[in-house]
Every structure is written in structure tokens, then in C-alpha cells.
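Here the structure comes first, spelled out in C-alpha cells, and everything after it is commentary.
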Amino acid sequence: MRRLSFALVTVLAWLLAAALPAAAQQAGQDNLTVELVAETDTPAPGSEVTLAFVAKPDEGWHGYWKNPGDAGLDTRLDWKLPQGVTAGELRYPVPTRLMVAGIMNYVYKGSYTQLVTLKVPASLKPGTALPVTVRADYLVCTDEVCVPETENLAIDLTVGDGAIPPERRARFDEWRRAFPRPLGSEGRFAAADGMLRVAIPYPANAPLGADAYFFPLTLEAVNYSAPQKVTRDGDTVVVEVKAGTKTPAKLEGVLSVGPGQGFALAAVPGAVAAGAAQGGAIDWTAALVALGGALLGGLILNVMPCVFPILSLKALSFARSGTSESHARAEALAYTAGVVLVVLALGGAMLGLRAAGASVGWAFQLTDARVILFLLLLVLGIALNLAGLFELMTPKFAGRLASGGSGGAFMTGALAAFIATPCTGPFMGAALGAALVLPWYVAAVIFLGLGLGLALPFLLLGFVPALRRMLPKPGAWMDTFRKILSVPMFLTAIALAWVLGGLKGVNGMAVGLIVALALAVVLWIVGRRQTRGAGGRAAWAGALLVTLAGIWAVAAIDKPAAAEARATGAEPFSETRLAALRAEGRPVFAYFTADWCVTCKVNEKTAIETDAVRDAFSDGNVAVLVGDWTDGDPALGRFIERHNRAGVPLYLWYPKGSNEPKVLPQVLTQGMLSALPGDGA
């Protein structure tokens with residue numbers, strides 16, 4: 001009965017619009033224009049292609065969500081499709097609310113985009129024309145009048161290779177960010193005494209805006225115009241609202257947690273306790289746990305092969321120089337400042353890019369081949385310096401490791417922090433994931449903790465004289481030890497060359513190695529001139545020129561075709577393939593990696609790609625999916641973010657018949673993985 005009254009309100013609005021020509025625009029003009037855009041014009045046989053309906057209401061007008069609320073109508077589509085092509089359900093972005101005279105409307109006041117997925121038959125041959133036409137019926141309104149409008153849209157597709165132009169991909173990625181993400185976990189709801197309470201599983205450390213709201217998709221389940229009370233109870237958000245005229249068997253809707261941000265969910269009948277905490281409150285316990293994880297993770301980074309030589313040589317400079325107490329403290333503080341400022345800058349840049357809509361995570365800069373080449377040349381220079389090819393860098397150079405002075409200590413700390421980003425400790429994944437969903441000022445504290453953890457060993461050396469006295473006395477052994485420290489730096493340079501090959505293919509790796517050789521020759525010339533007491537300004541200018549030319553050259557190389565999954569029997573990850581495997585009832589192990597992630601590579605070689613794990617997965621009929629995030633694929637980035645991680649590694653285990661994955665630790669063992677098929681299969 002209530003929906004009938006809603007329809008009558010809408011019909012009356014239409015009649016009013018027809019009866020008041022002054023309220024309508026001139027004939028032939030629309031109050032809402034729609035553009036139809038395809039993500040690819042050449043979908044591959046057997047694939048899917050997403051179409052976007054880009055709607056732009058005129059100033060003062062608005063369109064409607066799938067459930068329009070107390071009044072209004074959703075979008076209606078009438079398709080004419082080629083034989084065999086099918087269209088999925090129209091998907092809507094997160095709406096906003098509009099209350100007019102006590103009537104609640106769920107609307108879009110500005111431009112908005114709706115998406116539909118078309119399925120292309122596998123039997124079609126490349127070159128087959130796919131003309132698509134659709135009639136879209138919209139209701140557009142102001143606060144006073146409503147006008148029904150129709151758009152007849154057409155687009156011509158051709159079966160092809162499925163290639164997506166970069167600018168089109170970026171445009172669709174931006175539109176998708178306005179859509180609710182699947183919450184994954186099932187909620188509960190209970191109706192009693194005219195009230196409906198909905199318990200929504202939502203992490204206690206995830207942000208919840210003060211204007212959080214539950215948009216119901218299930219019709220007539222709630223009283224739309226009634227106020228909602230949104231509270232938190234640990235890892236649950238509780239929504240209380242006046243019940244509607246029907247109690248559904250299943251409640252669906254969208255929890256809006258901030259402007260344009262929301263989670264799609266489904267709830268089933270069950271017991272729901274009233275929430276107690278204030279909506280939007282920060283769980284400081286979870287924040288402190290994340291801070292502790294960041295501190296421990298930063299501390300562990302000091303033993304990584306790219307950081308340990310820098311820390312060791314800087315620490316031994318105390319033993320060599322016999323520094324004073326005040327000088328030691330100044331060096332320690334300068335080193336710490338360099339580390340912390342770089343970590344805060346990288347963390348702030350990551351949060352800023354994410355706020356601007358980019359799907360980036362920790363170590364995001366390593367998805368750029370130019371940054372990888374710069375790091376390769378920098379690490380190679382450090383390795384050659386440690387090996388004794390040349391003895392003294394220019395005073396202001398970032399790798400001023402052996403010289404004294406607070407400026408050198410600051411630059412050393414900055415360097416250590418910058419090249420440590422490919423590594424993540426066993427405690428850092430959850431900590432950095434929490435930083436993505438906590439308020440920016442809390443996230444900044446977590447990044448501060450990471451920087452302090454990385455700087456802590458040298459900071460203690462500077463402020464605890466007893467630790468400095470434990471350092472070995474200076475002697476000839478220091479020169480030998482310095483050359484030994486060059487070995488892990490050379491290995492780091494080799495690893496970076498491999499990462500460059502992953503990003504730019506064999507041609508990119510070849511260019512990187514040629515540039516590295518040229519730089520080594522230049523530095524050899526520097527060393528030769530130093531032995532004669534001559535200056536090296538021209539040689540340093542040559543080193544700069546080689547670096548800039550190399551960065552330009554590697555940027556011009558096209559990205560190679562996607563590499564095959566690494567593990568035997570593994571498949572490249574996609575959400576479509578994951579859904580298909582789970583629909584078959586198979587257990588799935590999905591892992592997300594990158595060529596520049598040291599922890600990922602160690603886990604793969606010592607656990608994932610071992611015979612014991614391979615045999616256990618084969619016996620348990622476990623499907624393995626690999627998500628390669630080396631190039632920062634935004635689709636993978638969004639999936640990783642949904643599991644409260646800021647980057648890789650991420651390991652997910654989907655037991656047979658389970659709705660939710662189990663997030664595995666960031667340090668894996670053969671025994672842990674081998675036991676998975678028998679643990680819930």
C-alpha cells in the first residue's frame with residue numbers, strides 16, 4: 001500500500017509538470033543529458049565489457065537512486081542487443097539524501113555515472129560488429145517539479161582484443177570509486193516494537209563519518225523519512241530506524257561511511273544488540289596496536305640487505321671518529337630526522353593520492369620504472385663506493401655515508417628510508433592497512449612510528465654511550481668490513497635490475513644495465529682522478545648526465561605484455577576468476593605480490609613455490625591465483641584495500657564452502673600452507 005502511495009506521488013508530480021509549462025524547459029531541451037561510453041570498443045570473445053551511462057543533470061535538477069525513497073522512479077533500460085550478447089543489472093553509485101516536505105528522496109544532485117556489464121559470446125569471431133542500442137527512461141526533478149525524460153542511446157562495438165585505452169581506463173577507474181564496495185561479511189537485522197535494528201560487520205579501526213547512513217535497497221523495509229541512529233559496538237555498526245510496512249526475509253542496502261564512500265551489504269534475520277559507542281569515534285586501542293606494529297616493522301627493516309650496510313657503516317663511523325657526546329647525539333637526531341621526514345613524506349603522498357582517487361599503496365613509487373632505475377644507479381654507486389672504486393663523494397651527495405656532519409647523517413637517514421620501502425616486516429601489513437582507514441592525523445602517527453622504528457638503532461647509539469663503547473675499536477679490519485658490506489648492496493642492485501625487467505621487459509632491463517655500466521665507468525674515472533689528487537667535477541657532471549639520459553630512455557620503452565603466473569599451476573588473479581572458482585566449490589589460495597617486494601619473494605621461494613606446498617594443494621584440489629602488483633594495477637589495488645592492507649604482500653585462503661577468506665600472516669612457512677587444505681576444506 002505504501003509503495004502505491006509513492007507511485008501516486010510520482011504520477012501527480014508528472015501531471016503537475018505537464019500542467020505547468022513555466023516549470024519545464026523549452027521544447028527539445030533535456031534537464032538531464034546522458035552519454036553512453038564503453039570501457040573498450042573491441043571486447044574480446046567470451047569477455048565482458050562495461051558500459052557507462054554518464055548522466056549530467058542541469059543546475060537545480062537531480063536524478064534518482066535504484067530505490068528512490070518515498071517518491072521518484074529508478075532508471076529503466078530497454079535494450080536492443082546483438083544475438084548472444086546479454087546485459088547485466090544496472091549498477092548505481094552511492095547516493096545522497098534530499099528531504100522535501102517530509103518526503104525522503106535518495107538522489108544524485110550533480111553528475112553521476114551508472115554502469116552495466118555486457119557479456120560477449122565466446123563463439124564470436126574478431127571483427128564481428130556489435131551494434132548496441134538502449135532506451136533509458138529517467139525521472140529528473142527539482143525541489144518543486146518532476147519531469148520524465150528519455151534518452152535513446154547507441155554505441156558500435158567490434159569483437160577484438162579487449163584492449164582498453166589508458167585514458168578510458170583512468171576514466172572508468174574514477175567512476176568506479178564512487179560505487180559501494182562489497183562488504184563481504186553478512187549482517188543481521190531484527191524488527192521489534194516498530195523499530196528495525198541492523199548489525200553491520202565493520203572493523204572498529206575503519207572510518208565512519210558523523211553523517212553515516214544506511215540506504216536500504218529492499219523496498220518498504222524501513223521508514224525512509226524517519227531519522228536513523230548509527231552507533232558502533234566494537235567491530236559492528238548498529239543502525240536503528242523506524243521499521244517499514246514489511247519485514248523482509250533478507251535486507252539489502254548500502255552503508256554510507258562518508259561522501260561518495262559506501263559498502264554494499266546484505267543482512268539476514270538475527271539477534272541485534274543496541275549499539276553503545278558514538279558513530280565516527282576512533283578506536284584508540286586499535287590505533288595503538290597499529291602504532292606498535294609500525295614501530296616493530298620499522299625496527300626489523302634495519303636487517304634488510306639494502307638498509308643494513310648503510311646502518312652498519314654509519315654506526316662504525318662513531319668508532320672510527322671517536323666522536324664526542326654532543327656530536328653523537330646531533331648525528332643521531334639528524335639521521336632520525338632524515339628517516340622520519342622521508343617516511344612521513346611517502347606516507348603523506350600515498351594518502352594524498354588516495355584522497356585524489358588513485359588506487360596506490362605503500363611503496364607506490366616503486367611502480368614507476370624511472371624511480372627503479374634511479375634507485376638502481378644510486379645503490380650501485382653506494383656499492384662501488386663501499387668496494388673502494390672511489391673514495392669520496394661530493395659533500396652534498398645523498399650517499400655521504402662515511403663523512404661526518406649532521407648534514408651527512410640527515411641525508412643518510414633519508415636514503416635509508418627511501419630504499420627501505422620495498423621491504424615490509426611481519427607487523428607492518430596490518431599497521432599500514434590501518435593507516436588507510438584511520439583519520440589522516442592518526443595515520444600520520446603510524447607513519448611516524450614506522451620512521452622511529454627504522455631510526456631506533458642509530459638513535460640509541462647516539463644517546464647511549466655504553467652502546468658506543470661496545471663497538472669494535474678502529475683498525476685495518478674496517479676497510480675489509482666495508483668491502484664486505486658492498487656485497488648486499490650489489491645484490492640489491494641486481495634485484496632492482498630484475499624489477500626493472502618486470503616493469504619494462506628485457507629491453508628495459510638491458511637499457512638499465514647499459515646505463516649502470518656507463519655510471520660505473522664514470523665512477524671509475526672519478527676514482528682514478530682521486531688517486532692522482534685531481535678534481536672530478538667533470539666526471540660528476542657526466543654521472544648526472546648518464547642518470548638523466550637513462551631515466552629518459554627507460555621511460556620511453558613500452559610496457560611488455562603481462563607475464564605468466566609464477567607458481568606452477570597458478571593462474572593470474574581476477575575477481576571474475578575468483579568468483580568462478582568459488583562457485584565451483586573449490587578452495588582457493590590467492591596471493592598478491594610485486595617484483596620489488598622483498599618479503600613477497602622470500603615467501604614465494606621458501607614456502608609457496610615448494611614441492612611440499614604444491615603437492616598439498618594438488619591433493620586438496622586447491623586453485624592458486626596470483627595478483628602481480630608490480631606495476632600498481634589500480635584494480636588489484638582496490639581489491640587489496642578492501643582487505644585492510646596498504647600494499648603487498650597479501651595472502652588469502654578461501655576454504656571450500658566459506659563465504660569469507662582468512663587473511664594469512666605476512667611471513668609464511670611450508671607447514672602453514674601445507675596444512676590449509678585440511679583446515680576447512
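Residues are referred to by chain and number: the chain letter is A, B, ... according to the order shown in the C-alpha cells, the number counts from 1 in that chain, and ligands are numbered separately from 1 in the order shown.
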
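By only C-alpha atoms, and with residues fewer than 3 positions from Pro203 in chain A along its chain excluded, the set lying at most 8 Å from it is Ala206, Gly234, Asp235 and Thr236 of chain A.
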
Residues from last step as file, all heavy atoms, as a compact mmCIF listing (two decimals), in the first residue's frame:
# COMPACT_ATOMS: atom_id res chain seq x y z
N ALA A 206 38.12 1.18 11.23
CA ALA A 206 37.77 1.78 9.94
C ALA A 206 36.99 3.08 10.17
O ALA A 206 36.26 3.22 11.14
CB ALA A 206 36.93 0.81 9.11
N GLY A 234 32.24 -2.12 18.94
CA GLY A 234 33.40 -2.90 18.53
C GLY A 234 33.50 -2.97 17.02
O GLY A 234 33.55 -1.94 16.34
N ASP A 235 33.54 -4.19 16.48
CA ASP A 235 33.63 -4.39 15.04
C ASP A 235 32.26 -4.46 14.38
O ASP A 235 32.10 -5.13 13.35
CB ASP A 235 34.40 -5.68 14.74
CG ASP A 235 35.88 -5.54 15.05
OD1 ASP A 235 36.42 -4.45 14.86
OD2 ASP A 235 36.48 -6.54 15.48
N THR A 236 31.29 -3.78 14.95
CA THR A 236 29.93 -3.77 14.41
C THR A 236 29.37 -2.36 14.42
O THR A 236 29.58 -1.61 15.38
CB THR A 236 29.00 -4.69 15.24
OG1 THR A 236 29.52 -6.01 15.24
CG2 THR A 236 27.59 -4.71 14.67

Open item on the list: So that I can check the surroundings of range 668-678 of chain A, please list as JSON, numbers by chain every protein, DNA and RNA residue that reaches within 12 Å of it, counting only C-alpha atoms and ignoring chain neighbours fewer than 2 positions away.
Closed with: {"A": [426, 586, 587, 588, 589, 590, 591, 599, 600, 601, 602, 603, 604, 605, 606, 607, 608, 609, 610, 611, 612, 613, 614, 615, 616, 617, 618, 619, 620, 621, 622, 623, 624, 649, 650, 651, 652, 653, 654, 655, 656, 662, 663, 664, 665, 666, 680, 681]}

Open item on the list: Give me, as a PyMOL selection string, the residues of range 30-216 of chain A that a backbone DSSP run labels strand (DSSP E or B).
Closed with: chain A and resi 32-38+48-57+62-69+76-80+86-87+91+96-100+103-108+112-119+129-141+146-158+181-182+187-192+195-201+213-216

Contacts of range 90-102 of chain A at 6 Å (only C-alpha atoms; same-chain gap of 3+ positions) as a tab-separated table (two decimals) with N, CA, C and O atoms, in the first residue's frame:
chain	number	residue	atom	x	y	z
A	105	ASN	N	14.00	11.51	-0.30
A	105	ASN	CA	14.40	11.09	-1.63
A	105	ASN	C	15.87	10.68	-1.61
A	105	ASN	O	16.70	11.35	-0.98
A	106	TYR	N	16.19	9.60	-2.31
A	106	TYR	CA	17.57	9.16	-2.47
A	106	TYR	C	18.00	9.54	-3.89
A	106	TYR	O	17.53	8.94	-4.86
A	107	VAL	N	18.90	10.51	-4.00
A	107	VAL	CA	19.09	11.20	-5.27
A	107	VAL	C	20.57	11.41	-5.58
A	107	VAL	O	21.46	11.13	-4.78
A	108	TYR	N	20.80	11.97	-6.79
A	108	TYR	CA	22.10	12.47	-7.23
A	108	TYR	C	21.90	13.92	-7.66
A	108	TYR	O	21.20	14.19	-8.63
A	114	GLN	N	26.25	5.57	-14.03
A	114	GLN	CA	25.75	4.22	-13.77
A	114	GLN	C	26.47	3.25	-14.71
A	114	GLN	O	26.81	3.62	-15.84
A	115	LEU	N	26.68	2.03	-14.26
A	115	LEU	CA	27.44	1.05	-15.03
A	115	LEU	C	26.62	-0.20	-15.31
A	115	LEU	O	25.81	-0.62	-14.48
A	116	VAL	N	26.86	-0.78	-16.47
A	116	VAL	CA	26.25	-2.05	-16.88
A	116	VAL	C	27.34	-2.90	-17.53
A	116	VAL	O	28.17	-2.37	-18.27
A	178	ALA	N	33.23	5.78	-7.02
A	178	ALA	CA	32.00	6.30	-6.41
A	178	ALA	C	31.00	5.20	-6.10
A	178	ALA	O	29.95	5.49	-5.52
A	179	PHE	N	31.33	3.95	-6.45
A	179	PHE	CA	30.39	2.85	-6.23
A	179	PHE	C	30.65	2.19	-4.88
A	179	PHE	O	31.79	2.15	-4.40
A	180	PRO	N	29.60	1.67	-4.26
A	180	PRO	CA	29.81	0.97	-2.98
A	180	PRO	C	30.62	-0.29	-3.20
A	180	PRO	O	30.41	-1.03	-4.17
A	260	GLY	N	30.43	10.02	-0.93
A	260	GLY	CA	30.79	9.17	-2.06
A	260	GLY	C	31.45	7.86	-1.69
A	260	GLY	O	31.98	7.18	-2.56

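Shortest separation to Val272 in chain A among A:Met195, A:Leu389, A:Ala294, A:Ile300 occurs at residue A:Met195, atoms counted being only C-alpha atoms.
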
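Nearest-residue note for Gly527 in chain A: choosing from A:Thr576, A:Asn31, A:Gln261, A:Asn385, the minimum distance belongs to A:Asn385, counting only C-alpha atoms.
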
Task: Counting only C-alpha atoms, the residue of A:Phe53, A:Val120, A:Gly413, A:Trp61 that sits nearest Gly451 in chain A - done: A:Gly413

- [ ] Might you pull out every residue within 9 Å of Tyr213 in chain A, with only C-alpha atoms counted and same-chain residues fewer than 5 positions away left off, and present them as JSON, numbers by chain?
- [x] {"A": [228, 229, 230, 239, 254, 255, 256, 257, 258]}

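Closest approach to Gly462 in chain A from the set A:Tyr335, A:Phe592, A:Phe215, A:Phe189 is made by A:Tyr335, with distances taken over only C-alpha atoms.
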
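Here CA of Leu460 in chain A stands at a distance of 29.2 Å from CA of Ala493 in chain A.
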
Task: Spatial neighbours of Gly60 in chain A, 9 Å, only C-alpha atoms, chain gap at least 4 places, as a ChimeraX atom specification - done: /A:109-110,141-143

Could you dump the residues just selected with C-alpha atoms as a compact mmCIF listing (two decimals), in the first residue's frame?
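Full text of part35.txt as output:
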# COMPACT_ATOMS: atom_id res chain seq x y z
CA LYS A 109 22.32 16.25 -7.24
CA GLY A 110 25.28 16.53 -9.58
CA CYS A 141 13.20 16.65 -10.57
CA THR A 142 13.78 19.92 -8.83
CA ASP A 143 12.52 20.53 -5.31

TODO: Please provide the set of residues having any atom within 10 Å of range 516-522 of chain A, restricted to only C-alpha atoms, with same-chain residues fewer than 3 positions apart removed, written as a ChimeraX atom specification.
DONE: /A:373-374,376-378,380-381,384,389,493,497,510-513,525-528,536,538-547,550

Preceding selection exported with C-alpha atoms as a PDB file, in the first residue's frame:
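File written: again_35.pdb
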ATOM      1  CA  LEU A 373      66.322   2.976 -12.423  1.00  0.00           C
ATOM      2  CA  PHE A 374      67.252   5.903 -10.172  1.00  0.00           C
ATOM      3  CA  LEU A 376      69.440   1.045  -9.210  1.00  0.00           C
ATOM      4  CA  LEU A 377      72.046   3.683 -10.058  1.00  0.00           C
ATOM      5  CA  LEU A 378      72.068   5.066  -6.526  1.00  0.00           C
ATOM      6  CA  LEU A 380      75.219   0.762  -7.493  1.00  0.00           C
ATOM      7  CA  GLY A 381      77.064   3.979  -6.639  1.00  0.00           C
ATOM      8  CA  LEU A 384      81.084   0.812  -5.726  1.00  0.00           C
ATOM      9  CA  LEU A 389      86.349   2.084  -6.533  1.00  0.00           C
ATOM     10  CA  ALA A 493      71.256  -3.512  -7.432  1.00  0.00           C
ATOM     11  CA  ALA A 497      67.519  -4.593 -12.346  1.00  0.00           C
ATOM     12  CA  ALA A 510      69.058  -4.067 -20.995  1.00  0.00           C
ATOM     13  CA  VAL A 511      68.817  -0.277 -21.006  1.00  0.00           C
ATOM     14  CA  GLY A 512      69.133  -0.235 -17.225  1.00  0.00           C
ATOM     15  CA  LEU A 513      72.241  -2.436 -17.294  1.00  0.00           C
ATOM     16  CA  ILE A 525      87.250   7.662 -13.745  1.00  0.00           C
ATOM     17  CA  VAL A 526      86.402   9.580 -10.570  1.00  0.00           C
ATOM     18  CA  GLY A 527      88.410   7.078  -8.525  1.00  0.00           C
ATOM     19  CA  ARG A 528      91.404   7.247 -10.891  1.00  0.00           C
ATOM     20  CA  GLY A 536      86.296  15.297 -10.515  1.00  0.00           C
ATOM     21  CA  ALA A 538      83.534  16.980 -15.000  1.00  0.00           C
ATOM     22  CA  ALA A 539      83.168  13.319 -14.062  1.00  0.00           C
ATOM     23  CA  TRP A 540      80.359  14.096 -11.628  1.00  0.00           C
ATOM     24  CA  ALA A 541      78.624  16.087 -14.367  1.00  0.00           C
ATOM     25  CA  GLY A 542      78.996  13.009 -16.576  1.00  0.00           C
ATOM     26  CA  ALA A 543      77.412  10.832 -13.888  1.00  0.00           C
ATOM     27  CA  LEU A 544      74.443  13.193 -13.699  1.00  0.00           C
ATOM     28  CA  LEU A 545      74.114  13.205 -17.483  1.00  0.00           C
ATOM     29  CA  VAL A 546      74.211   9.386 -17.619  1.00  0.00           C
ATOM     30  CA  THR A 547      71.495   9.180 -14.940  1.00  0.00           C
ATOM     31  CA  GLY A 550      68.948   6.607 -18.594  1.00  0.00           C
TER      32      GLY A 550
END

TODO: Taking the chain letters and numbering used in this document, name the residues of range 77-235 of chain A that DSSP puts in helix (DSSP H, G or I), as a PyMOL selection string.
DONE: chain A and resi 166-176

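If you measure from each of A:Gly632, A:Pro165, A:Pro131, A:Gly270 to Val198 in chain A using only C-alpha atoms, the closest one turns out to be A:Gly270.
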
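For the set A:Lys473, A:His327, A:Lys314, A:Arg642, the residue with the smallest atom-to-atom gap to Phe458 in chain A is A:Lys314, counting only C-alpha atoms.
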